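K.L.:
I'm passing along data04.cif; it holds mmCIF, C-alpha atoms.
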```
data_structure
#
loop_
_atom_site.group_PDB
_atom_site.id
_atom_site.type_symbol
_atom_site.label_atom_id
_atom_site.label_comp_id
_atom_site.auth_asym_id
_atom_site.auth_seq_id
_atom_site.Cartn_x
_atom_site.Cartn_y
_atom_site.Cartn_z
ATOM 1 C CA MET A 520 91.245 55.684 132.007
ATOM 2 C CA LYS A 521 89.071 58.786 132.072
ATOM 3 C CA VAL A 522 87.201 60.017 129.008
ATOM 4 C CA SER A 523 87.823 63.700 128.294
ATOM 5 C CA THR A 524 85.065 66.216 128.848
ATOM 6 C CA ARG A 525 85.190 67.025 125.142
ATOM 7 C CA ALA A 526 84.625 63.370 124.156
ATOM 8 C CA ASP A 527 81.858 62.950 126.742
ATOM 9 C CA TYR A 528 80.057 66.084 125.538
ATOM 10 C CA ALA A 529 80.379 65.019 121.890
ATOM 11 C CA ALA A 530 78.925 61.591 122.670
ATOM 12 C CA ARG A 531 76.078 63.149 124.664
ATOM 13 C CA ALA A 532 75.266 65.598 121.866
ATOM 14 C CA LEU A 533 75.232 62.918 119.165
ATOM 15 C CA LEU A 534 73.186 60.593 121.357
ATOM 16 C CA SER A 535 70.694 63.435 121.776
ATOM 17 C CA LEU A 536 70.448 63.688 117.979
ATOM 18 C CA ALA A 537 70.110 59.910 117.667
ATOM 19 C CA LEU A 538 67.246 59.878 120.160
ATOM 20 C CA ARG A 539 65.195 62.187 117.915
ATOM 21 C CA THR A 540 62.221 60.426 116.366
ATOM 22 C CA ASP A 541 61.949 62.894 113.479
ATOM 23 C CA ASP A 542 64.456 63.987 110.848
ATOM 24 C CA ARG A 543 64.139 67.671 111.700
ATOM 25 C CA PRO A 544 67.441 69.501 112.315
ATOM 26 C CA THR A 545 68.080 70.282 115.971
ATOM 27 C CA SER A 546 69.513 73.662 116.954
ATOM 28 C CA VAL A 547 72.599 73.957 119.138
ATOM 29 C CA LYS A 548 70.433 75.733 121.702
ATOM 30 C CA GLU A 549 67.984 72.823 121.817
ATOM 31 C CA ILE A 550 70.782 70.245 122.093
ATOM 32 C CA ALA A 551 72.331 72.302 124.909
ATOM 33 C CA GLU A 552 69.002 72.472 126.745
ATOM 34 C CA ARG A 553 68.268 68.757 126.332
ATOM 35 C CA THR A 554 71.749 67.674 127.435
ATOM 36 C CA THR A 555 72.469 70.480 129.951
ATOM 37 C CA LEU A 556 75.760 71.155 128.144
ATOM 38 C CA PRO A 557 77.189 74.676 127.821
ATOM 39 C CA GLN A 558 76.135 76.054 124.443
ATOM 40 C CA PRO A 559 79.406 77.852 123.478
ATOM 41 C CA TYR A 560 81.489 74.719 124.123
ATOM 42 C CA LEU A 561 78.882 72.564 122.389
ATOM 43 C CA GLU A 562 79.136 74.754 119.265
ATOM 44 C CA GLN A 563 82.891 74.038 119.064
ATOM 45 C CA ILE A 564 82.346 70.315 119.567
ATOM 46 C CA LEU A 565 79.657 70.141 116.891
ATOM 47 C CA LEU A 566 82.020 71.822 114.431
ATOM 48 C CA SER A 567 84.590 69.105 115.142
ATOM 49 C CA VAL A 568 82.130 66.253 114.629
ATOM 50 C CA LYS A 569 80.811 67.987 111.517
ATOM 51 C CA GLY A 570 84.360 68.168 110.154
ATOM 52 C CA ALA A 571 84.673 64.439 110.776
ATOM 53 C CA GLY A 572 81.503 63.790 108.782
ATOM 54 C CA LEU A 573 79.385 62.586 111.694
ATOM 55 C CA VAL A 574 76.774 65.364 111.500
ATOM 56 C CA ARG A 575 75.464 67.750 108.867
ATOM 57 C CA SER A 576 74.211 71.255 109.493
ATOM 58 C CA LYS A 577 71.484 73.348 107.934
ATOM 59 C CA ARG A 578 71.547 77.125 108.194
ATOM 60 C CA GLY A 579 68.694 79.534 108.690
ATOM 61 C CA VAL A 580 65.231 79.247 110.188
ATOM 62 C CA GLY A 581 64.555 75.648 111.148
ATOM 63 C CA GLY A 582 68.257 74.922 110.860
ATOM 64 C CA GLY A 583 70.468 72.914 113.116
ATOM 65 C CA TYR A 584 72.228 69.573 113.130
ATOM 66 C CA VAL A 585 71.300 66.057 112.026
ATOM 67 C CA LEU A 586 73.329 62.870 112.025
ATOM 68 C CA ALA A 587 75.176 62.385 108.729
ATOM 69 C CA ARG A 588 74.879 58.586 108.953
ATOM 70 C CA PRO A 589 72.451 56.172 110.583
ATOM 71 C CA PRO A 590 73.071 55.701 114.336
ATOM 72 C CA ALA A 591 74.085 52.066 113.719
ATOM 73 C CA GLU A 592 76.997 53.325 111.620
ATOM 74 C CA ILE A 593 78.460 55.756 114.164
ATOM 75 C CA THR A 594 80.573 54.254 116.936
ATOM 76 C CA LEU A 595 81.823 55.843 120.114
ATOM 77 C CA ALA A 596 85.316 55.419 118.625
ATOM 78 C CA ASP A 597 84.243 57.599 115.680
ATOM 79 C CA ILE A 598 82.978 60.286 118.050
ATOM 80 C CA VAL A 599 86.023 60.244 120.327
ATOM 81 C CA GLY A 600 88.352 60.264 117.314
ATOM 82 C CA ALA A 601 86.527 63.276 115.884
ATOM 83 C CA VAL A 602 87.201 65.413 118.950
ATOM 84 C CA GLU A 603 90.427 63.904 120.286
ATOM 85 C CA GLY A 604 92.319 63.131 117.086
ATOM 86 C CA PRO A 605 94.083 59.893 116.226
ATOM 87 C CA ALA A 606 95.336 57.457 118.846
ATOM 88 C CA PRO A 607 99.054 57.556 119.630
ATOM 89 C CA THR A 608 101.377 55.464 117.504
ATOM 90 C CA LEU A 609 104.652 53.846 118.408
ATOM 91 C CA THR A 610 107.639 55.917 117.318
ATOM 92 C CA ALA A 611 111.032 54.570 116.353
ATOM 93 C CA PRO A 612 113.032 53.146 119.275
ATOM 94 C CA HIS A 613 115.582 55.391 120.975
ATOM 95 C CA ASP A 614 119.175 54.375 121.681
ATOM 96 C CA HIS A 615 118.863 55.297 125.351
ATOM 97 C CA CYS A 616 115.307 55.701 126.486
ATOM 98 C CA GLU A 617 115.297 55.426 130.318
ATOM 99 C CA GLY A 618 112.136 53.328 130.124
ATOM 100 C CA HIS A 619 110.378 55.732 127.757
ATOM 101 C CA CYS A 620 110.190 53.070 125.022
ATOM 102 C CA VAL A 621 108.489 50.579 127.334
ATOM 103 C CA LEU A 622 106.039 53.166 128.618
ATOM 104 C CA GLN A 623 105.202 54.290 125.109
ATOM 105 C CA GLU A 624 104.406 50.675 124.176
ATOM 106 C CA VAL A 625 102.017 50.475 127.148
ATOM 107 C CA TRP A 626 100.293 53.764 126.198
ATOM 108 C CA VAL A 627 99.839 52.584 122.619
ATOM 109 C CA GLU A 628 98.430 49.240 123.800
ATOM 110 C CA LEU A 629 96.055 51.071 126.153
ATOM 111 C CA ALA A 630 94.867 53.294 123.300
ATOM 112 C CA GLU A 631 94.340 50.244 121.056
ATOM 113 C CA GLU A 632 92.308 48.392 123.704
ATOM 114 C CA THR A 633 90.245 51.498 124.433
ATOM 115 C CA ARG A 634 89.549 51.891 120.717
ATOM 116 C CA LYS A 635 88.391 48.253 120.501
ATOM 117 C CA ILE A 636 85.912 48.831 123.329
ATOM 118 C CA LEU A 637 84.627 52.093 121.838
ATOM 119 C CA ASP A 638 84.245 50.398 118.443
ATOM 120 C CA ARG A 639 81.799 47.917 120.005
ATOM 121 C CA PHE A 640 79.234 50.598 120.844
ATOM 122 C CA THR A 641 77.187 52.418 118.213
ATOM 123 C CA LEU A 642 74.756 55.261 118.746
ATOM 124 C CA ALA A 643 71.980 52.769 117.898
ATOM 125 C CA ASP A 644 73.134 50.558 120.807
ATOM 126 C CA LEU A 645 73.068 53.541 123.140
ATOM 127 C CA VAL A 646 69.614 54.610 121.930
ATOM 128 C CA ASP A 647 68.318 51.086 122.626
ATOM 129 C CA ARG A 648 69.874 51.057 126.088
ATOM 130 C CA THR A 649 68.477 54.496 126.875
ATOM 131 C CA ARG A 650 64.957 53.497 125.884
ATOM 132 C CA VAL A 651 64.933 50.287 127.954
ATOM 133 C CA GLY A 652 66.570 51.686 131.062
ATOM 134 C CA HIS A 653 70.320 51.212 130.648
ATOM 135 C CA PRO A 654 70.834 47.410 130.917
ATOM 136 C CA LEU A 655 74.404 46.231 130.574
#
```
If you convert what's in this file into structure tokens, what do you get?
P.N.:
Amino acid sequence: MKVSTRADYAARALLSLALRTDDRPTSVKEIAERTTLPQPYLEQILLSVKGAGLVRSKRGVGGGYVLARPPAEITLADIVGAVEGPAPTLTAPHDHCEGHCVLQEVWVELAEETRKILDRFTLADLVDRTRVGHPL
């Protein structure tokens, strides 16, 4: 299963914030430069993660974004959910589904397993891995 560009960019942006050693807000421009992400798209993504309560913003000179919670309390599942929306749920069975019902069950199970994996990784885990050279 491929992670969407939107989810990848959101994770990269929040990891960039988590890697900061100070509590100073980081501008969208600076995040874009540090991550090589396109600034206009990054602005949209940061609004989504802000709406989900993962980052806070400060306006004006010296403004920018900071994590709203400690990195150990933000999982990849939180980030993906903020930009992708909720995982699919199983709808009521159809009388005649031509296999649709079975496929939908598989897609829901895939989403649930993916969520379990993403829940295992926090931004703090990723910061640690980044600083020691990416060990699995």
K.L.:
Go ahead and compute the interatomic distance for CA of Val602 (chain A) and CA of Ser567 (chain A), in Å to one decimal.
P.N.:
5.9 Å
K.L.:
Given the file above and the PyMOL selection byres ((chain A and resi 635-638) around 8), which residues are selected, and can you give them as number ranges by chain?
P.N.:
A: 594-597, 631-634, 639-641
K.L.:
Could you tell me how far CA of Leu622 (chain A) lies from CA of Lys521 (chain A), in Å and to one decimal?
P.N.:
18.2 Å
K.L.:
So that I can see what lies close to Ile598 (chain A), please list as a VMD selection string the residues with an atom at most 8 Å from it, counting only C-alpha atoms and leaving out residues fewer than 6 positions away in the same chain.
P.N.:
chain A and resid 526 529 to 530 568 573
K.L.:
One decimal, in Å: what's the spacing between CA of Gly581 (chain A) and CA of Arg553 (chain A)?
P.N.:
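Between CA of Gly581 (chain A) and CA of Arg553 (chain A) the gap is 17.1 Å.
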K.L.:
Quick one: which residues end up in the PyMOL selection byres ((chain A and resi 537) around 10) for this structure, as a ChimeraX atom specification?
P.N.:
/A:531-536,538-542,585-586,589-591,593,642-643,645-646
K.L.:
For those residues, write C-alpha atoms to a file as a short mmCIF file (atom, residue, chain, number, x, y, z; two decimals), in the frame of the given file.
P.N.:
```cif
data_model
loop_
_atom_site.label_atom_id
_atom_site.label_comp_id
_atom_site.auth_asym_id
_atom_site.auth_seq_id
_atom_site.Cartn_x
_atom_site.Cartn_y
_atom_site.Cartn_z
CA ARG A 531 76.08 63.15 124.66
CA ALA A 532 75.27 65.60 121.87
CA LEU A 533 75.23 62.92 119.16
CA LEU A 534 73.19 60.59 121.36
CA SER A 535 70.69 63.44 121.78
CA LEU A 536 70.45 63.69 117.98
CA LEU A 538 67.25 59.88 120.16
CA ARG A 539 65.19 62.19 117.92
CA THR A 540 62.22 60.43 116.37
CA ASP A 541 61.95 62.89 113.48
CA ASP A 542 64.46 63.99 110.85
CA VAL A 585 71.30 66.06 112.03
CA LEU A 586 73.33 62.87 112.02
CA PRO A 589 72.45 56.17 110.58
CA PRO A 590 73.07 55.70 114.34
CA ALA A 591 74.08 52.07 113.72
CA ILE A 593 78.46 55.76 114.16
CA LEU A 642 74.76 55.26 118.75
CA ALA A 643 71.98 52.77 117.90
CA LEU A 645 73.07 53.54 123.14
CA VAL A 646 69.61 54.61 121.93
#
```
K.L.:
Using only C-alpha atoms, find the one residue out of A:Ser523, A:Gly582, A:Val574, A:Gln563 that sits nearest to Ser546 (chain A).
P.N.:
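Under the stated criterion, the closest residue is A:Gly582.
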K.L.:
Which is closer to Arg575 (chain A) than all the others in A:Asp527, A:Leu561, A:Pro544, A:Ala601, using only C-alpha atoms?
P.N.:
A:Pro544
K.L.:
Compare A:Thr649, A:Leu556, A:Trp626, A:Ala571 by their minimum atom-to-atom distance to Val599 (chain A), counting only C-alpha atoms, and give me the closest one.
P.N.:
A:Ala571
K.L.:
Using all atoms listed in the file, which of A:Val522, A:Leu565, A:Val547, A:Val651 sits nearest Ala630 (chain A)?
P.N.:
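Between A:Val522, A:Leu565, A:Val547, A:Val651, the residue approaching Ala630 (chain A) most closely is A:Val522.
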K.L.:
Pick from A:Lys577, A:Arg588, A:Arg648, A:His619: nearest to Arg543 (chain A), with only C-alpha atoms counted?
P.N.:
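Of A:Lys577, A:Arg588, A:Arg648, A:His619, the one nearest Arg543 (chain A), counting only C-alpha atoms, is A:Lys577.
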